[in-house]
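Chemist: Got a structure for you, questions after.
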Amino acid sequence: MTAIEHSTQVVLGGTRGGPEVSTLRQDRWWIQPVITVAVLTSFVIYATWAAFQKGNYFVGNFGAHELISPFDSPCLTATCGDAQIFHTGLGLAWLPPALLILIFPLGFRMTCYYYRRSYYRAFWWAPPACGVADAHGSYSGETRFPLIIQNVHRYFFYFGLVFNVLLTYDAIRAFHVVGGGWGISVGSLVLTLNATLLWLYSLSCHACRHLCGGQVRSFHDHPIRHKLWKFVTPLNAKHMNFAWASLVVVALTDVYVRLVASGSIRDLVIF
Amino acid sequence: MSQVSMRIWRGDANGGDFETYTVDKQEGEVVLDVIHRIQATEAPDLACRWNCKAGKCGSCAAEVNGKPRLMCMTRMDQLPEGDVTVTPMKTFPIIRDLVTDVSFNYAMAERVPALLPPPMPEGGYRMFQEDVERGQEFRKCIECFMCQNVCHVIRDHEENKAHYAGPRFFIRYAELEMHPLDQNDRRELAQEVMGLGYCNITKCCTEVCPEHIKITDNAIIPLKERVVDAKYDPVAWLGRKIRRGSKRSATDAQVQPAP
């Protein structure tokens, strides 16, 4: 038994009850981690492949709706051509455009409180499920490097907002037909859905809730921030849903744009 | 009448093992009813802590089929077919059978600095409804300590008990942090002394809470974000420097110790 020095003594090392087994749970607690591993691994493999592609991320031929993959927007390198919404003069023609920007959405998701919960459970097994033993001999949580870096989440949130604005612009641009005119195609709806889900994911973020009003001590003294906080709080309760939905849809949007850009399918024009 | 096998942990600090009791199933019973029936018939020396039988005192917290549950709120007919396993809360030292020594939690409770209101203004203190409502959720806590029990930081790493308060007390820290009259600043304390950084927000505390308090979303994460304000956000740091004196800061505020 070890006693620590403090105003109040905590006694460590008493004998615990119950058998020495990792869990007594009888339900299928492993299903959730398995699904998480399957979905996140699939996404990472696909996103890695897509990030290294130097073509088929933009549809801009005459008469078509302008579509750009969310993985490659904003397109900043010299090879972007008409996919650029502003000319940066960066050069970097050797670099796949996605590699230049992917750190921001990736960092936002990696440091997201919901994804942390998911990957700590599914990949790190700390713990794999509630009431199931942690797989590690010692544990320091997010108190040291590298996991202390998770505290930068709010900065990725700020970058995420910038990306949302740009992807919203892309969604609006997707209603534009190259050569003149406006209309609706499946591609324009897909990009709109993608931008909408990304906004919902960002606005439901815990850092957003804190910055909107969670950080104040008195709501009465900050009525506008209280209103903002009340607006994002119900969204925050759905953060998990938006996290998964936006992850899947952003990948499917990229798939759709690549298929159209490569000529494998036609972007169906609704009107 | 059909029967059910109850595998109940029997033992104390010197060791123990499961004992199996086969009892009749009766309609509408909860696990605590069955435990009481076993006490009344087969094992009068079976130790279990209980009080209200209404899910409001938190005394009968144990682990049913490996999950932290209040025995008085766990209906037998909602458990899967087969043996029902009942063990004491794993995180705390055993006293006997299903009774554990939860004094770790009382030690941690004493470390929470008390509310420190400003000097009483003329006419008394005033709080407004929106500020009162904010902390109400946290006051639903019945101190069953199931959140503490399920938290892997101390459940699987005994050594962390020396410097980790646990979800129940992060609720308390959050409640006081969000109190408009409180002058204490607990952010530094929560992070450096009470181990907030150990929490990796896997939400098990929220999953087991019988009062459905959103411990992680409404207390721990807001507290972590406040710690970011105080320690890791250079923009917030700059803002504090500019407005020095008008706002509390982690380094300026005095922390009043518990009485």
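Letters A, B, ... mark the chains of the structure tokens in the order given; residue numbers begin at 1 per chain; ligand numbers begin at 1, in order shown.
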Run DSSP on the backbone of this structure and report the residues of segment 25-192 of chain B it assigns to alpha helix (DSSP H), as a ChimeraX atom specification.
Modeler: /B:31-41,103-110,129-136,146-150,152-155,167-177,187-192
Chemist: Could those selected residues go to a file with C-alpha atoms, as a compact mmCIF listing (two decimals), in the first residue's frame?
Modeler:
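Output below, filename selection22.txt:
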```txt
# COMPACT_ATOMS: atom_id res chain seq x y z
CA VAL B 31 -31.09 -7.81 -9.80
CA LEU B 32 -31.21 -6.35 -6.29
CA ASP B 33 -34.46 -8.25 -5.58
CA VAL B 34 -32.74 -11.50 -6.50
CA ILE B 35 -29.72 -10.65 -4.36
CA HIS B 36 -32.07 -9.99 -1.43
CA ARG B 37 -33.88 -13.27 -2.07
CA ILE B 38 -30.55 -15.12 -2.02
CA GLN B 39 -29.70 -13.35 1.25
CA ALA B 40 -33.05 -14.41 2.67
CA THR B 41 -32.77 -18.04 1.61
CA SER B 103 -13.18 6.39 0.00
CA PHE B 104 -10.91 7.34 -2.94
CA ASN B 105 -13.82 9.43 -4.15
CA TYR B 106 -14.23 11.23 -0.85
CA ALA B 107 -10.53 12.04 -0.81
CA MET B 108 -10.85 13.51 -4.30
CA ALA B 109 -13.99 15.42 -3.30
CA GLU B 110 -12.06 17.18 -0.56
CA GLN B 129 -32.15 31.78 -14.71
CA GLU B 130 -29.98 30.98 -17.73
CA ASP B 131 -26.94 30.69 -15.45
CA VAL B 132 -28.83 28.62 -12.89
CA GLU B 133 -30.01 26.20 -15.57
CA ARG B 134 -26.52 25.60 -16.85
CA GLY B 135 -25.37 23.74 -13.76
CA GLN B 136 -28.58 21.85 -13.07
CA MET B 146 -20.05 4.09 -11.63
CA CYS B 147 -18.39 6.69 -13.87
CA GLN B 148 -15.31 6.49 -11.67
CA ASN B 149 -15.48 2.71 -11.75
CA VAL B 150 -15.69 2.42 -15.53
CA HIS B 152 -10.07 3.04 -17.60
CA VAL B 153 -7.60 5.68 -16.39
CA ILE B 154 -7.96 4.31 -12.87
CA ARG B 155 -9.79 1.04 -13.53
CA PRO B 167 -15.32 12.05 -14.21
CA ARG B 168 -17.47 12.59 -11.14
CA PHE B 169 -15.18 15.38 -9.95
CA PHE B 170 -14.66 16.85 -13.39
CA ILE B 171 -18.42 17.42 -13.30
CA ARG B 172 -17.95 19.31 -10.06
CA TYR B 173 -15.04 21.31 -11.45
CA ALA B 174 -17.08 22.15 -14.54
CA GLU B 175 -20.09 23.18 -12.49
CA LEU B 176 -17.99 25.57 -10.41
CA GLU B 177 -16.06 26.82 -13.44
CA ARG B 187 -8.29 25.33 -14.94
CA GLU B 188 -4.64 25.02 -13.97
CA LEU B 189 -5.58 22.86 -11.02
CA ALA B 190 -7.82 20.58 -13.10
CA GLN B 191 -5.07 20.02 -15.64
CA GLU B 192 -1.94 19.90 -13.48
```
Chemist: With only C-alpha atoms as the counted atoms, please give the residues lying no more than 12 Å from Trp182 of chain A, apart from itself and same-chain residues fewer than 5 positions off, as a tab-separated table (two decimals) with N, CA and C atoms, in the first residue's frame.
Modeler:
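Final file, out39.tsv:
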```
chain	number	residue	atom	x	y	z
A	63	GLY	N	-19.61	22.86	-71.78
A	63	GLY	CA	-20.95	22.31	-71.67
A	63	GLY	C	-21.20	21.50	-70.41
A	64	ALA	N	-20.16	21.27	-69.64
A	64	ALA	CA	-20.34	20.46	-68.41
A	64	ALA	C	-20.44	21.37	-67.19
A	65	HIS	N	-21.00	20.83	-66.13
A	65	HIS	CA	-20.99	21.54	-64.85
A	65	HIS	C	-19.57	21.48	-64.27
A	66	GLU	N	-19.14	22.61	-63.70
A	66	GLU	CA	-17.78	22.65	-63.14
A	66	GLU	C	-17.76	21.91	-61.81
A	172	ILE	N	-21.41	26.11	-55.28
A	172	ILE	CA	-22.16	27.08	-56.08
A	172	ILE	C	-21.67	27.03	-57.53
A	173	ARG	N	-20.34	26.93	-57.67
A	173	ARG	CA	-19.75	26.88	-59.01
A	173	ARG	C	-20.23	25.64	-59.77
A	174	ALA	N	-20.56	24.59	-59.03
A	174	ALA	CA	-20.99	23.34	-59.68
A	174	ALA	C	-22.35	23.49	-60.37
A	175	PHE	N	-23.07	24.57	-60.04
A	175	PHE	CA	-24.33	24.82	-60.74
A	175	PHE	C	-24.09	25.59	-62.06
A	176	HIS	N	-22.85	26.01	-62.25
A	176	HIS	CA	-22.51	26.77	-63.44
A	176	HIS	C	-22.07	25.84	-64.56
A	177	VAL	N	-22.60	26.08	-65.74
A	177	VAL	CA	-22.22	25.26	-66.88
A	177	VAL	C	-21.11	25.99	-67.64
A	188	SER	N	-23.68	18.72	-59.13
A	188	SER	CA	-23.87	19.94	-58.34
A	188	SER	C	-24.58	19.62	-57.02
A	269	VAL	N	-27.49	15.55	-66.08
A	269	VAL	CA	-28.05	16.90	-65.94
A	269	VAL	C	-29.54	16.79	-65.65
A	270	ILE	N	-29.98	17.42	-64.56
A	270	ILE	CA	-31.40	17.37	-64.20
A	270	ILE	C	-32.16	18.44	-64.97
A	271	PHE	N	-31.68	19.65	-64.96
A	271	PHE	CA	-32.16	20.68	-65.89
A	271	PHE	C	-31.16	21.82	-65.95
```
Chemist: Of the candidates B:Tyr164, B:Tyr21, B:Phe145, B:Tyr198, which one gets nearest to chain A if we count only C-alpha atoms?
Modeler: B:Tyr198
Chemist: At a cut-off of 8 Å, list the chain A residues touching chain B, using only C-alpha atoms, as a VMD selection string.
Modeler: chain A and resid 4 7 to 19 23 to 26 113 116 to 118 120 to 121 126 to 127 129 to 131 133 to 134 137 to 143 148 151 to 152 206 to 207 210 214 to 220
Chemist: How far is it from atom CA of Cys141 of chain B to atom CA of Met194 of chain B, in Å with one decimal?
Modeler: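 Going from atom CA of Cys141 of chain B over to atom CA of Met194 of chain B covers 19.2 Å.
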Chemist: Could you pull out the strand (DSSP E or B) residues of segment 16-256 of chain B from DSSP and send them as JSON, numbers by chain?
Modeler: {"B": [16, 17, 18, 19, 20, 21, 22, 23, 24, 30, 61, 62, 63, 64, 67, 68, 69, 70, 75, 84, 85, 86, 87, 93, 94, 95, 96, 99, 100, 244, 247]}
Chemist: Find the distance between atom CA of Arg186 of chain B and atom CA of Ile215 of chain B and write it in Å to one decimal.
Modeler: 17.5 Å
Chemist: For Ser202 of chain A, find every residue with an atom within 8 Å (counting only C-alpha atoms), except residues of its own chain fewer than 6 positions away, and show them as a PyMOL selection string.
Modeler: chain A and resi 157+160-161+208
Chemist: Which residue, B:Ala165, B:Val4, B:Ile142, B:Met120, has the smallest gap to Cys52 of chain B when you use only C-alpha atoms?
Modeler: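 Nearest to Cys52 of chain B: B:Ile142.
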Chemist: As number ranges by chain, please: the residues near Tyr115 of chain A (cut-off 12 Å, only C-alpha atoms, same-chain neighbours under 4 positions excluded).
Modeler: A: 36-37, 40, 106-111, 119-123, 150, 153, 201, 205-206, 239-244, 247; B: 200-203
Chemist: For Asn61 of chain A, list every protein, DNA or RNA residue within 10 Å, evaluated using only C-alpha atoms, and leave out those in the same chain fewer than 6 positions away; present the list as a list in words.
Modeler: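 Close residues of Asn61 of chain A: Leu67, Asp82, Val177, Val178, Gly179 and Ala261 of chain A.
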Chemist: For atom CA of Asp24 of chain B and atom CA of Lys53 of chain B, quote the distance in Å rounded to one decimal.
Modeler: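 We find that atom CA of Asp24 of chain B and atom CA of Lys53 of chain B lie 20.5 Å from each other.
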Chemist: Excluding same-chain residues fewer than 4 positions from Ala93 of chain A, what lies within 8 Å of it counting only C-alpha atoms, as number ranges by chain?
Modeler: A: 77-79
Chemist: With C-alpha atoms retained, write the just-selected residues as an mmCIF file, in the first residue's frame.
Modeler:
```cif
data_model
loop_
_atom_site.group_PDB
_atom_site.id
_atom_site.type_symbol
_atom_site.label_atom_id
_atom_site.label_comp_id
_atom_site.auth_asym_id
_atom_site.auth_seq_id
_atom_site.Cartn_x
_atom_site.Cartn_y
_atom_site.Cartn_z
ATOM 1 C CA THR A 77 -0.377 24.226 -57.642
ATOM 2 C CA ALA A 78 0.721 25.117 -61.178
ATOM 3 C CA THR A 79 -1.038 22.117 -62.730
#
```
Chemist: Do you know which residues are at most 12 Å from Trp49 of chain A counting only C-alpha atoms, after dropping those on the same chain fewer than 2 positions away, and could you put them as a list in words?
Modeler: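 Once the nearby chain positions are removed, what remains is Ser42, Phe43, Val44, Ile45, Tyr46, Ala47, Ala51, Phe52, Gln53, Lys54, Phe71, Pro96, Ala98, Leu99, Ala251, Asp254 and Val255 of chain A.
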